[in-house]
>>> print(open('protein.cif').read())   # mmCIF, C-alpha atoms and all ligand atoms
data_target
#
loop_
_atom_site.label_atom_id
_atom_site.label_comp_id
_atom_site.auth_asym_id
_atom_site.auth_seq_id
_atom_site.Cartn_x
_atom_site.Cartn_y
_atom_site.Cartn_z
CA MET Q 1 93.80 18.90 -26.96
CA ALA Q 2 92.11 22.15 -27.95
CA ASP Q 3 93.93 22.11 -31.29
CA GLU Q 4 92.85 18.60 -31.99
CA GLU Q 5 89.23 19.61 -31.31
CA SER Q 6 89.24 22.65 -33.54
CA ALA Q 7 90.99 20.65 -36.25
CA THR Q 8 88.08 18.23 -36.19
CA MET Q 9 85.54 21.06 -36.33
CA GLU Q 10 87.45 22.52 -39.29
CA GLY Q 11 87.29 19.13 -40.98
CA LEU Q 12 83.53 19.02 -40.61
CA LYS Q 13 83.18 22.56 -41.93
CA SER Q 14 85.31 22.00 -45.01
CA THR Q 15 83.10 19.05 -45.91
CA LEU Q 16 80.15 21.44 -45.76
CA ARG Q 17 81.88 23.99 -47.97
CA LYS Q 18 82.66 21.35 -50.57
CA GLU Q 19 79.08 20.12 -50.47
CA SER Q 20 77.60 23.55 -50.95
CA ARG Q 21 79.81 24.24 -53.99
CA LYS Q 22 78.25 21.36 -55.89
CA LEU Q 23 74.74 22.36 -54.84
CA HIS Q 24 73.18 22.78 -58.26
CA LEU Q 25 70.02 20.83 -58.99
CA ASP Q 26 70.77 17.57 -57.21
CA PHE Q 27 67.70 17.28 -55.02
CA ASN Q 28 69.48 15.59 -52.12
CA GLU Q 29 72.19 18.18 -52.06
CA LEU Q 30 69.59 20.90 -52.39
CA LYS Q 31 67.89 19.64 -49.30
CA SER Q 32 71.04 20.22 -47.29
CA GLY Q 33 70.99 23.84 -48.35
CA GLY Q 34 67.57 24.74 -47.01
CA PHE Q 35 65.44 24.00 -50.08
CA ILE Q 36 62.66 21.63 -49.04
CA LYS Q 37 60.76 19.64 -51.59
CA GLN Q 38 57.00 20.22 -51.70
CA THR Q 39 54.16 17.88 -52.63
CA GLN Q 40 53.82 19.83 -55.88
CA LYS Q 41 56.11 18.84 -58.71
CA ASN Q 42 59.24 21.03 -59.11
CA LEU Q 43 58.20 23.30 -56.27
CA PHE Q 44 60.22 23.86 -53.13
CA THR Q 45 60.00 25.77 -49.88
CA VAL Q 46 62.98 28.00 -49.30
CA ARG Q 47 63.94 28.27 -45.65
CA LEU Q 48 65.76 31.47 -44.74
CA ARG Q 49 68.38 31.68 -42.03
CA CYS Q 50 66.92 33.51 -39.03
CA PRO Q 51 68.94 32.66 -35.89
CA GLY Q 52 66.95 33.37 -32.75
CA GLY Q 53 64.02 34.51 -34.88
CA LYS Q 54 65.56 37.93 -35.13
CA VAL Q 55 64.88 39.47 -38.53
CA THR Q 56 65.79 43.02 -39.51
CA SER Q 57 63.36 45.12 -41.51
CA GLU Q 58 65.79 44.90 -44.45
CA ARG Q 59 65.54 41.10 -44.35
CA MET Q 60 61.77 41.17 -43.97
CA LYS Q 61 61.56 43.26 -47.12
CA LYS Q 62 63.84 40.81 -48.91
CA ALA Q 63 61.68 37.86 -47.81
CA ALA Q 64 58.59 39.68 -49.06
CA GLU Q 65 60.29 40.46 -52.35
CA ILE Q 66 61.27 36.81 -52.87
CA ALA Q 67 57.78 35.61 -51.93
CA GLU Q 68 56.19 37.99 -54.45
CA LYS Q 69 58.64 37.36 -57.25
CA TYR Q 70 59.24 33.61 -56.93
CA GLY Q 71 56.59 32.25 -54.55
CA ASN Q 72 52.86 32.75 -54.09
CA GLY Q 73 53.15 35.95 -52.07
CA GLU Q 74 53.09 34.21 -48.70
CA VAL Q 75 55.67 33.24 -46.12
CA HIS Q 76 55.41 30.65 -43.38
CA ILE Q 77 57.05 31.02 -39.97
CA SER Q 78 58.64 27.70 -39.06
CA VAL Q 79 58.41 26.26 -35.56
CA ARG Q 80 62.13 27.01 -35.27
CA GLN Q 81 61.64 30.73 -35.91
CA SER Q 82 62.70 30.82 -39.53
CA ILE Q 83 60.89 32.51 -42.40
CA GLU Q 84 60.08 30.07 -45.18
CA VAL Q 85 58.99 31.00 -48.71
CA PRO Q 86 56.83 28.23 -50.23
CA TYR Q 87 55.97 27.50 -53.88
CA VAL Q 88 59.35 28.34 -55.38
CA HIS Q 89 60.37 26.66 -58.66
CA TYR Q 90 63.82 25.07 -58.48
CA GLN Q 91 64.95 26.97 -61.58
CA HIS Q 92 65.04 30.12 -59.48
CA PHE Q 93 67.38 28.84 -56.76
CA ASP Q 94 70.48 30.54 -58.11
CA GLU Q 95 68.70 33.87 -58.54
CA ILE Q 96 67.34 33.66 -55.02
CA ALA Q 97 70.74 32.79 -53.55
CA ALA Q 98 72.27 35.76 -55.39
CA SER Q 99 69.50 38.07 -54.27
CA LEU Q 100 70.03 37.00 -50.63
CA ARG Q 101 73.77 37.56 -50.93
CA GLU Q 102 73.14 41.21 -51.85
CA ILE Q 103 72.16 41.86 -48.26
CA ASP Q 104 74.56 39.32 -46.74
CA TRP Q 105 71.82 36.78 -46.07
CA SER Q 106 71.46 33.07 -46.87
CA VAL Q 107 69.21 30.04 -46.71
CA ALA Q 108 69.07 27.82 -43.62
CA SER Q 109 70.32 24.24 -43.36
CA CYS Q 110 68.35 21.01 -43.43
CA GLY Q 111 69.55 17.45 -43.36
CA PRO Q 112 72.15 15.93 -41.00
CA ARG Q 113 73.65 19.16 -39.81
CA VAL Q 114 73.82 21.63 -36.97
CA ARG Q 115 70.67 23.65 -37.56
CA VAL Q 116 70.05 27.35 -37.12
CA PRO Q 117 69.90 27.84 -33.33
CA THR Q 118 66.75 29.23 -31.72
CA ALA Q 119 66.42 31.60 -28.77
CA CYS Q 120 63.97 33.71 -26.83
CA ALA Q 121 64.45 37.45 -26.25
CA GLY Q 122 66.36 36.70 -23.04
CA CYS Q 123 67.65 39.40 -20.76
CA THR Q 124 67.81 42.10 -23.42
CA TYR Q 125 64.13 42.95 -23.00
CA ASN Q 126 62.23 40.15 -21.28
CA PRO Q 127 61.77 40.93 -17.56
CA ASN Q 128 62.32 37.26 -16.64
CA GLY Q 129 65.48 36.93 -18.69
CA ILE Q 130 68.73 36.14 -16.91
CA THR Q 131 71.14 35.53 -19.77
CA ASP Q 132 71.88 37.00 -23.20
CA THR Q 133 70.20 34.34 -25.32
CA GLN Q 134 70.20 36.39 -28.52
CA GLY Q 135 73.90 37.20 -28.27
CA MET Q 136 74.80 33.56 -27.72
CA CYS Q 137 72.46 32.37 -30.43
CA ALA Q 138 74.03 34.70 -33.00
CA GLU Q 139 77.53 33.55 -32.02
CA VAL Q 140 76.62 29.85 -32.12
CA ASP Q 141 75.01 30.37 -35.53
CA LYS Q 142 78.17 32.08 -36.77
CA ARG Q 143 80.47 29.35 -35.47
CA TYR Q 144 78.58 26.10 -36.00
CA PHE Q 145 75.70 26.58 -38.44
CA GLY Q 146 75.60 23.83 -41.04
CA THR Q 147 78.32 21.63 -39.53
CA PRO Q 148 77.64 18.11 -40.86
CA THR Q 149 77.06 15.51 -38.16
CA GLY Q 150 77.15 12.45 -40.39
CA HIS Q 151 73.92 11.12 -38.85
CA HIS Q 152 70.93 13.35 -38.36
CA LYS Q 153 69.91 16.88 -37.46
CA PHE Q 154 71.40 18.63 -34.44
CA LYS Q 155 69.34 21.31 -32.75
CA VAL Q 156 70.53 23.91 -30.26
CA SER Q 157 68.30 26.32 -28.40
CA PHE Q 158 68.61 29.02 -25.74
CA SER Q 159 66.10 30.04 -23.07
CA GLY Q 160 66.78 33.02 -20.86
CA CYS Q 161 65.32 31.60 -17.64
CA PRO Q 162 63.78 28.44 -16.13
CA ILE Q 163 60.36 29.19 -17.67
CA ASP Q 164 62.12 27.72 -20.70
CA CYS Q 165 59.93 29.10 -23.48
CA PHE Q 166 62.40 27.71 -26.02
CA ARG Q 167 62.03 24.15 -24.77
CA THR Q 168 65.66 23.36 -24.16
CA ARG Q 169 64.52 19.98 -22.79
CA GLU Q 170 63.60 18.92 -26.33
CA MET Q 171 66.88 19.87 -28.03
CA ASP Q 172 69.98 17.87 -28.89
CA LEU Q 173 71.72 20.51 -26.80
CA GLY Q 174 69.78 23.12 -24.85
CA PHE Q 175 71.02 25.98 -22.72
CA GLN Q 176 68.87 27.75 -20.15
CA GLY Q 177 69.76 30.80 -18.08
CA VAL Q 178 70.21 30.29 -14.34
CA LEU Q 179 70.93 32.67 -11.46
CA GLU Q 180 72.32 31.68 -8.08
CA PRO Q 181 70.81 33.93 -5.39
CA MET Q 182 72.63 34.96 -2.23
CA LEU Q 183 71.37 36.73 0.89
CA ILE Q 184 73.28 39.61 2.46
CA GLU Q 185 71.81 39.27 5.93
CA GLU Q 186 72.80 42.70 7.29
CA LEU Q 187 70.69 44.44 4.65
CA CYS Q 188 67.57 42.29 5.02
CA ASN Q 189 64.56 43.99 6.66
CA GLY Q 190 62.51 40.80 6.92
CA CYS Q 191 59.76 42.03 4.58
CA GLU Q 192 59.09 38.51 3.23
CA LEU Q 193 58.60 39.71 -0.35
CA CYS Q 194 61.18 37.18 -1.56
CA VAL Q 195 59.25 34.38 0.16
CA LYS Q 196 56.06 35.55 -1.57
CA GLY Q 197 57.90 35.88 -4.87
CA CYS Q 198 59.33 32.35 -4.89
CA GLU Q 199 56.89 30.09 -6.74
CA GLU Q 200 58.90 26.98 -5.86
CA GLY Q 201 58.33 27.29 -2.13
CA ALA Q 202 62.11 27.24 -1.73
CA LEU Q 203 62.16 30.15 0.74
CA ILE Q 204 60.68 30.31 4.23
CA MET Q 205 61.14 32.85 7.00
CA ASP Q 206 63.24 31.76 9.94
CA GLY Q 207 62.47 34.56 12.36
CA ASP Q 208 63.35 37.74 10.47
CA ILE Q 209 65.52 36.10 7.83
CA PRO Q 210 64.56 34.12 4.70
CA VAL Q 211 66.21 30.71 4.43
CA ARG Q 212 66.48 28.69 1.26
CA ASP Q 213 65.91 25.00 0.62
CA TRP Q 214 68.46 24.47 -2.17
CA ASP Q 215 66.78 21.22 -3.22
CA LYS Q 216 63.73 23.20 -4.29
CA CYS Q 217 65.54 26.19 -5.80
CA ILE Q 218 65.51 26.23 -9.61
CA TYR Q 219 67.75 29.33 -9.93
CA CYS Q 220 65.09 31.56 -11.47
CA GLY Q 221 66.17 34.71 -9.67
CA ASP Q 222 62.63 35.88 -8.85
CA CYS Q 223 63.63 36.48 -5.21
CA VAL Q 224 66.42 38.79 -6.36
CA LYS Q 225 64.13 40.66 -8.73
CA VAL Q 226 61.61 41.45 -6.00
CA CYS Q 227 63.87 42.29 -3.03
CA PRO Q 228 63.32 46.01 -2.33
CA VAL Q 229 66.60 46.61 -0.52
CA ASP Q 230 68.98 44.50 -2.63
CA SER Q 231 69.63 42.20 0.26
CA MET Q 232 68.88 39.20 -1.96
CA VAL Q 233 71.42 39.48 -4.77
CA SER Q 234 72.82 37.51 -7.67
CA LYS Q 235 75.95 35.59 -6.75
CA ARG Q 236 76.50 34.44 -10.33
CA ILE Q 237 74.64 33.66 -13.52
CA GLY Q 238 75.30 30.99 -16.15
CA TRP Q 239 73.78 28.31 -18.34
CA LEU Q 240 72.17 25.01 -17.38
CA ALA Q 241 73.07 22.50 -20.12
CA ARG Q 242 70.73 19.78 -21.33
CA ALA Q 243 71.61 17.06 -23.83
CA GLY Q 244 69.83 14.37 -25.79
CA GLY Q 245 66.32 15.76 -26.14
CA LYS Q 246 64.15 15.68 -29.24
CA HIS Q 247 60.58 15.93 -30.43
CA GLY Q 248 59.10 14.12 -33.40
CA LYS Q 249 57.57 10.65 -33.48
CA HIS Q 250 59.30 9.52 -30.31
CA PRO Q 251 60.02 12.53 -28.14
CA TYR Q 252 62.71 12.46 -25.45
CA PHE Q 253 63.23 14.80 -22.56
CA SER Q 254 66.91 15.60 -22.30
CA TYR Q 255 69.36 14.93 -19.48
CA GLU Q 256 70.53 17.83 -17.35
CA ILE Q 257 74.25 17.39 -17.71
CA ALA Q 258 75.97 20.41 -16.18
CA ASN Q 259 75.15 23.70 -14.51
CA PHE Q 260 76.38 27.29 -14.47
CA LEU Q 261 78.37 27.08 -17.67
CA THR Q 262 80.11 30.22 -18.85
CA ASP Q 263 79.63 31.38 -22.46
CA GLU Q 264 83.01 29.89 -23.36
CA GLN Q 265 82.06 26.54 -21.81
CA VAL Q 266 78.89 26.54 -23.92
CA PHE Q 267 80.99 26.75 -27.08
CA SER Q 268 83.36 24.01 -25.86
CA LEU Q 269 80.45 21.75 -24.96
CA ILE Q 270 78.83 22.21 -28.38
CA GLU Q 271 82.08 21.44 -30.21
CA LYS Q 272 82.94 18.38 -28.17
CA THR Q 273 79.36 17.08 -28.28
CA VAL Q 274 79.04 17.38 -32.07
CA VAL Q 275 82.31 15.49 -32.52
CA TRP Q 276 81.21 12.83 -29.99
CA TYR Q 277 77.90 12.49 -31.82
CA ARG Q 278 79.62 12.04 -35.18
CA ASP Q 279 81.97 9.41 -33.74
CA ASN Q 280 79.49 7.46 -31.61
CA ALA Q 281 76.06 7.47 -33.24
CA VAL Q 282 74.96 4.92 -35.79
CA GLY Q 283 72.84 5.58 -38.88
CA ARG Q 284 70.20 8.24 -38.52
CA GLU Q 285 70.15 8.07 -34.76
CA ARG Q 286 69.88 11.37 -32.87
CA ILE Q 287 72.34 12.03 -30.09
CA GLY Q 288 69.69 11.18 -27.47
CA GLY Q 289 69.41 7.72 -29.05
CA ALA Q 290 73.18 7.26 -28.94
CA ILE Q 291 73.25 8.29 -25.28
CA GLU Q 292 70.44 5.84 -24.48
CA ARG Q 293 72.14 3.01 -26.34
CA LEU Q 294 75.67 3.59 -25.02
CA GLY Q 295 74.74 4.85 -21.58
CA LEU Q 296 74.87 8.36 -20.23
CA ASP Q 297 78.10 7.59 -18.37
CA LYS Q 298 80.01 7.26 -21.62
CA TYR Q 299 78.90 10.67 -22.83
CA MET Q 300 79.54 12.23 -19.41
CA ASP Q 301 83.00 10.65 -19.10
CA GLU Q 302 84.10 11.50 -22.62
CA VAL Q 303 82.60 14.97 -23.02
CA VAL Q 304 81.33 16.60 -19.84
CA VAL Q 305 83.90 15.46 -17.27
CA PRO Q 306 86.99 16.34 -19.39
CA LEU Q 307 85.61 19.87 -19.81
CA GLY Q 308 85.50 20.20 -16.03
CA LEU Q 309 81.89 21.37 -16.01
CA GLU Q 310 79.97 21.82 -12.79
CA ALA Q 311 77.68 18.93 -11.89
CA VAL Q 312 73.94 19.35 -11.41
CA ARG Q 313 73.20 18.89 -7.72
CA ASP Q 314 70.49 16.68 -6.25
CA PRO Q 315 69.23 16.46 -2.66
CA LYS Q 316 72.11 14.23 -1.59
CA ASP Q 317 74.66 16.17 -3.57
CA ARG Q 318 74.92 13.48 -6.21
CA MET Q 319 74.43 14.39 -9.84
CA LYS Q 320 70.75 14.32 -10.62
CA TYR Q 321 70.83 13.82 -14.36
CA TYR Q 322 70.08 10.13 -13.97
CA ALA Q 323 66.74 10.88 -12.37
CA LYS Q 324 65.80 13.49 -14.95
CA GLY Q 325 66.61 11.85 -18.24
CA ASN Q 326 64.54 10.71 -21.11
CA TYR Q 327 61.23 10.98 -19.43
CA TYR Q 328 59.09 10.30 -22.51
CA GLY Q 329 61.31 7.43 -23.59
CA ARG Q 330 60.45 5.29 -20.58
CA MET O 1 66.91 57.61 6.61
CA GLU O 2 63.92 55.94 8.23
CA ASP O 3 64.57 52.97 10.48
CA LYS O 4 64.96 49.49 9.03
CA LYS O 5 61.26 48.59 9.22
CA GLY O 6 60.00 51.96 8.00
CA ALA O 7 57.85 52.47 11.10
CA GLY O 8 56.13 55.78 11.78
CA ILE O 9 55.94 56.93 8.17
CA VAL O 10 52.79 58.79 7.13
CA PRO O 11 51.72 58.09 3.52
CA ASP O 12 50.87 60.96 1.16
CA ASP O 13 48.24 58.91 -0.66
CA LYS O 14 46.50 55.55 -0.41
CA ILE O 15 45.02 52.95 -2.70
CA ASP O 16 43.17 49.80 -1.64
CA LEU O 17 43.58 47.10 -4.28
CA ARG O 18 41.98 44.20 -2.44
CA GLY O 19 39.91 42.19 -4.92
CA VAL O 20 41.64 43.81 -7.92
CA LEU O 21 43.30 41.29 -10.21
CA CYS O 22 46.72 41.29 -11.90
CA PRO O 23 47.77 43.23 -13.85
CA ILE O 24 45.09 45.90 -13.21
CA ASN O 25 46.34 46.29 -9.63
CA PHE O 26 49.79 47.18 -10.90
CA VAL O 27 48.42 49.55 -13.54
CA GLN O 28 46.40 51.39 -10.87
CA THR O 29 49.47 51.58 -8.63
CA LYS O 30 51.46 52.99 -11.50
CA LEU O 31 48.82 55.59 -12.39
CA LYS O 32 48.63 56.68 -8.78
CA LEU O 33 52.40 57.02 -8.55
CA GLU O 34 52.43 59.07 -11.74
CA GLU O 35 50.14 61.69 -10.12
CA MET O 36 52.48 61.99 -7.14
CA GLU O 37 55.66 63.99 -6.52
CA MET O 38 59.12 62.45 -6.26
CA ASN O 39 59.87 60.98 -2.82
CA GLN O 40 56.24 60.99 -1.74
CA ILE O 41 54.91 57.84 -0.12
CA LEU O 42 52.04 55.73 -1.46
CA GLU O 43 50.26 53.16 0.68
CA VAL O 44 48.99 50.16 -1.29
CA ILE O 45 46.90 47.30 0.05
CA LEU O 46 47.25 44.03 -1.88
CA ASP O 47 45.78 40.54 -1.61
CA ASP O 48 48.14 37.68 -0.84
CA GLY O 49 48.99 35.27 -3.67
CA ASP O 50 49.48 36.51 -7.23
CA PRO O 51 49.15 40.22 -6.39
CA MET O 52 51.89 39.96 -3.73
CA ARG O 53 54.02 37.91 -6.08
CA ASN O 54 53.72 40.28 -9.03
CA VAL O 55 53.07 43.86 -7.97
CA PRO O 56 56.10 44.44 -5.68
CA ARG O 57 58.45 43.16 -8.37
CA SER O 58 56.90 45.37 -11.05
CA VAL O 59 57.06 48.37 -8.73
CA LYS O 60 60.77 47.69 -8.24
CA GLU O 61 61.31 47.31 -11.99
CA GLU O 62 59.77 50.76 -12.47
CA GLY O 63 62.47 52.15 -10.18
CA HIS O 64 60.42 52.83 -7.03
CA LYS O 65 61.30 51.74 -3.50
CA ILE O 66 59.18 49.57 -1.22
CA ILE O 67 60.01 50.79 2.25
CA LYS O 68 57.57 48.81 4.37
CA VAL O 69 55.55 45.60 4.15
CA GLU O 70 52.97 44.81 6.81
CA LYS O 71 50.58 41.90 7.09
CA LEU O 72 46.99 42.90 7.88
CA PRO O 73 44.50 40.84 9.94
CA ASP O 74 42.57 39.71 6.80
CA SER O 75 45.91 38.32 5.41
CA SER O 76 46.19 41.05 2.85
CA TYR O 77 49.33 43.22 2.86
CA LYS O 78 49.98 46.92 3.29
CA LEU O 79 52.95 48.25 1.33
CA LEU O 80 54.55 51.66 1.58
CA ILE O 81 56.12 52.71 -1.71
CA ARG O 82 58.36 55.73 -2.15
CA LYS O 83 58.21 57.30 -5.60
CA GLU O 84 61.77 57.32 -6.89
CA ALA O 85 61.30 57.45 -10.64
CA GLU O 86 59.27 59.59 -13.05
S1 LIG Y 1 62.50 31.60 -21.31
FE1 LIG Y 1 62.38 33.18 -19.73
S2 LIG Y 1 63.53 34.90 -20.59
FE2 LIG Y 1 63.02 33.55 -22.29
S3 LIG Y 1 61.07 34.35 -23.11
FE3 LIG Y 1 60.58 32.73 -21.62
S4 LIG Y 1 60.23 33.87 -19.73
FE4 LIG Y 1 61.37 35.25 -21.06
S1 LIG Y 2 66.03 31.59 -7.29
FE1 LIG Y 2 63.86 31.20 -7.72
S2 LIG Y 2 63.49 29.15 -6.91
FE2 LIG Y 2 65.42 29.84 -6.02
S3 LIG Y 2 64.82 30.75 -4.07
FE3 LIG Y 2 64.88 32.43 -5.56
S4 LIG Y 2 62.78 32.58 -6.31
FE4 LIG Y 2 62.96 30.59 -5.27
S1 LIG Y 3 62.84 40.51 0.02
FE1 LIG Y 3 64.89 41.15 0.62
S2 LIG Y 3 64.58 42.38 2.44
FE2 LIG Y 3 62.67 41.25 2.12
S3 LIG Y 3 62.95 39.39 3.38
FE3 LIG Y 3 63.66 38.89 1.34
S4 LIG Y 3 65.87 39.30 1.38
FE4 LIG Y 3 64.97 40.30 3.16
#
>>> encode(input="protein.cif", output="structure tokens", more="lines below")
Ligand code: SF4
Ligand code: SF4
Ligand code: SF4
Amino acid sequence: MADEESATMEGLKSTLRKESRKLHLDFNELKSGGFIKQTQKNLFTVRLRCPGGKVTSERMKKAAEIAEKYGNGEVHISVRQSIEVPYVHYQHFDEIAASLREIDWSVASCGPRVRVPTACAGCTYNPNGITDTQGMCAEVDKRYFGTPTGHHKFKVSFSGCPIDCFRTREMDLGFQGVLEPMLIEELCNGCELCVKGCEEGALIMDGDIPVRDWDKCIYCGDCVKVCPVDSMVSKRIGWLARAGGKHGKHPYFSYEIANFLTDEQVFSLIEKTVVWYRDNAVGRERIGGAIERLGLDKYMDEVVVPLGLEAVRDPKDRMKYYAKGNYYGR
Amino acid sequence: MEDKKGAGIVPDDKIDLRGVLCPINFVQTKLKLEEMEMNQILEVILDDGDPMRNVPRSVKEEGHKIIKVEKLPDSSYKLLIRKEAE
């Protein structure tokens, strides 16, 4: 099973490698390599690969050098966190690619492929962060960047907490950090700070002890972060997975498909979902369109259930993804 | 160790932050704590709402300990904070 999966991923990747070898000066092929045609004749915007928007000073200098030498001295920061150098003549593509290789850098992907993933700062330095978004983003970029889907673009994003700055609801696959809180009653002094700290109104005092309405809890962990005696603690952290979102002309809000994924389960879900997308979508349909057309059950039964992922709970303990899907699409 | 509710503790310093908005209330708490010695106790009075949601958490993030929370008649809150970090 696992072998079959990775074999398929390898297949997709080798197609990409072949495509990039014959990259020279065919405009369609060029587009797949992160060179985007401009309004102006012969001029392109070069999109650089910046997973998670993290760019070292060495790379910033390189981007500046390329902008000065081949562009008009400016860069543009794309909405997906990548540095783009506009006004580049196509004759300089090879030189630019070579210059990027010197510091082990490359252009980003466009076209019907897994795009460079995006991510917020996450737990490494954002006080709200629960999960290591940057670490996961770098790993996902390493493993899946540029994988052809056969249909349309495929966007992955990571947010470190339910504030969801990186809009995982609008991604083909989005992963958002979640924390399950737990009360150690013996340690609680009844100070109520957790009740004050919970913006969802999920906690109320029952005598001297806070009690939680799980239907309202969004797993943000604020109650844990405020508790002065570590009586409210983290039972576990993980990723809430969302699938089928997009922006553009007809935006979709994604479905919440599974909760508390481990890092490994995130990788498995991405792999299985990209293969399902390739096999089930038609034409230039995004995965959200395929899910709408074929029904969420099919995607759940063929991808999410076989991976044994934890369901998203609703008030009656049913899965709540039905209620939360494609909000804009209605 | 003091009892569970931190009763009977006399603060070494006080600051009344009623009517002071976020994040100035936290900054003033922080400045006050910086002037104090380790393990001294600061009494802080905060409005309910955003101040009570934000300031205690920031105080904890700075490494200090909130040892008592008491509701006052005007529905503001009195906090006792022990300085536990430089
Ligand atoms: S999603 Fe959460 S962790 Fe990420 S930047 Fe926003 S607030 Fe911080
Ligand atoms: S995790 Fe967030 S939503 Fe849930 S009870 Fe704690 S503060 Fe409230
Ligand atoms: S913040 Fe901690 S000590 Fe205070 S009521 Fe909540 S769980 Fe109890």
>>> residues_near_ligand(input="protein.cif", ligand="ligand LIG 1 (chain Y)", cutoff="7 Å", atoms="all atoms listed in the file", output="ChimeraX atom specification")
/Q:120-123,126-130,159-166
>>> interface_residues(input="protein.cif", of="chain O", to="chain Q", cutoff="9 Å", atoms="only C-alpha atoms", output="NGL selection string")
:O and (4-5 or 48-50 or 52-54 or 56-61 or 64-70)
>>> closest_residue(input="protein.cif", among="Q:Val140, Q:Asp213, Q:Pro112, Q:Asp208", to="Glu285 (chain Q)", atoms="all atoms listed in the file")
Q:Pro112
>>> residues_near_ligand(input="protein.cif", ligand="ligand LIG 2 (chain Y)", cutoff="6 Å", atoms="all atoms listed in the file", output="PDB file with C-alpha atoms, keeping the file's coordinate frame")
ATOM      1  CA  PRO Q 181      70.810  33.930  -5.390  1.00  0.00           C
ATOM      2  CA  CYS Q 198      59.330  32.350  -4.890  1.00  0.00           C
ATOM      3  CA  GLU Q 200      58.900  26.980  -5.860  1.00  0.00           C
ATOM      4  CA  ALA Q 202      62.110  27.240  -1.730  1.00  0.00           C
ATOM      5  CA  LEU Q 203      62.160  30.150   0.740  1.00  0.00           C
ATOM      6  CA  ARG Q 212      66.480  28.690   1.260  1.00  0.00           C
ATOM      7  CA  CYS Q 217      65.540  26.190  -5.800  1.00  0.00           C
ATOM      8  CA  ILE Q 218      65.510  26.230  -9.610  1.00  0.00           C
ATOM      9  CA  TYR Q 219      67.750  29.330  -9.930  1.00  0.00           C
ATOM     10  CA  CYS Q 220      65.090  31.560 -11.470  1.00  0.00           C
ATOM     11  CA  GLY Q 221      66.170  34.710  -9.670  1.00  0.00           C
ATOM     12  CA  ASP Q 222      62.630  35.880  -8.850  1.00  0.00           C
ATOM     13  CA  CYS Q 223      63.630  36.480  -5.210  1.00  0.00           C
TER      14      CYS Q 223
END
>>> residues_near_point(input="protein.cif", point="(50.5, 43.0, -2.1)", cutoff="8 Å", atoms="all atoms listed in the file", output="PyMOL selection string")
chain O and resi 44-48+51-53+55-56+76-79
>>> write_last_selection(input="protein.cif", atoms="C-alpha atoms", output="compact mmCIF listing (two decimals), in the frame of the given file")
# COMPACT_ATOMS: atom_id res chain seq x y z
CA VAL O 44 48.99 50.16 -1.29
CA ILE O 45 46.90 47.30 0.05
CA LEU O 46 47.25 44.03 -1.88
CA ASP O 47 45.78 40.54 -1.61
CA ASP O 48 48.14 37.68 -0.84
CA PRO O 51 49.15 40.22 -6.39
CA MET O 52 51.89 39.96 -3.73
CA ARG O 53 54.02 37.91 -6.08
CA VAL O 55 53.07 43.86 -7.97
CA PRO O 56 56.10 44.44 -5.68
CA SER O 76 46.19 41.05 2.85
CA TYR O 77 49.33 43.22 2.86
CA LYS O 78 49.98 46.92 3.29
CA LEU O 79 52.95 48.25 1.33
>>> atom_distance(input="protein.cif", atom1="CA of Glu74 (chain Q)", atom2="CA of Arg115 (chain Q)")
23.3 Å
>>> closest_residue(input="protein.cif", among="O:Glu62, O:Asp74, O:Asp12, O:Gln40", to="Val27 (chain O)", atoms="all atoms listed in the file")
O:Glu62
>>> atom_distance(input="protein.cif", atom1="CA of Glu264 (chain Q)", atom2="CA of Glu302 (chain Q)")
18.4 Å
>>> axis_aligned_box(input="protein.cif", around="ligand LIG 3 (chain Y)", padding_each_side="3 Å", output="JSON")
{"center_x": 64.3, "center_y": 40.6, "center_z": 1.7, "size_x": 9.2, "size_y": 9.5, "size_z": 9.4}
>>> closest_residue(input="protein.cif", among="Q:Glu256, Q:Glu102, Q:Glu139, Q:Asp230", to="ligand LIG 3 (chain Y)", atoms="all atoms listed in the file")
Q:Asp230
>>> atom_distance(input="protein.cif", atom1="CA of Lys153 (chain Q)", atom2="CA of Thr56 (chain Q)")
26.5 Å
>>> residues_around(input="protein.cif", residues="region 62-66 of chain Q", least_positions_apart="2", cutoff="12 Å", atoms="all atoms listed in the file", output="PyMOL selection string")
chain Q and resi 45-50+55-60+68-77+82-89+92-93+95-107
>>> closest_residue(input="protein.cif", among="Q:Met136, Q:Cys110, Q:Leu183, Q:Met171", to="ligand LIG 3 (chain Y)", atoms="all atoms listed in the file")
Q:Leu183
>>> residues_near_point(input="protein.cif", point="(61.6, 59.2, -4.4)", cutoff="12 Å", atoms="only C-alpha atoms", output="list in words")
Leu33, Glu34, Met36, Glu37, Met38, Asn39, Gln40, Ile41, Leu42, Glu62, Gly63, His64, Lys65, Ile66, Ile67, Leu80, Ile81, Arg82, Lys83, Glu84, Ala85 and Glu86 of chain O
>>> closest_residue(input="protein.cif", among="Q:Thr118, Q:His152, Q:Ser234, Q:Pro51", to="ligand LIG 3 (chain Y)", atoms="all atoms listed in the file")
Q:Ser234
>>> closest_residue(input="protein.cif", among="Q:Cys137, Q:Ile36, Q:Ala119, Q:Met232", to="ligand LIG 3 (chain Y)", atoms="all atoms listed in the file")
Q:Met232
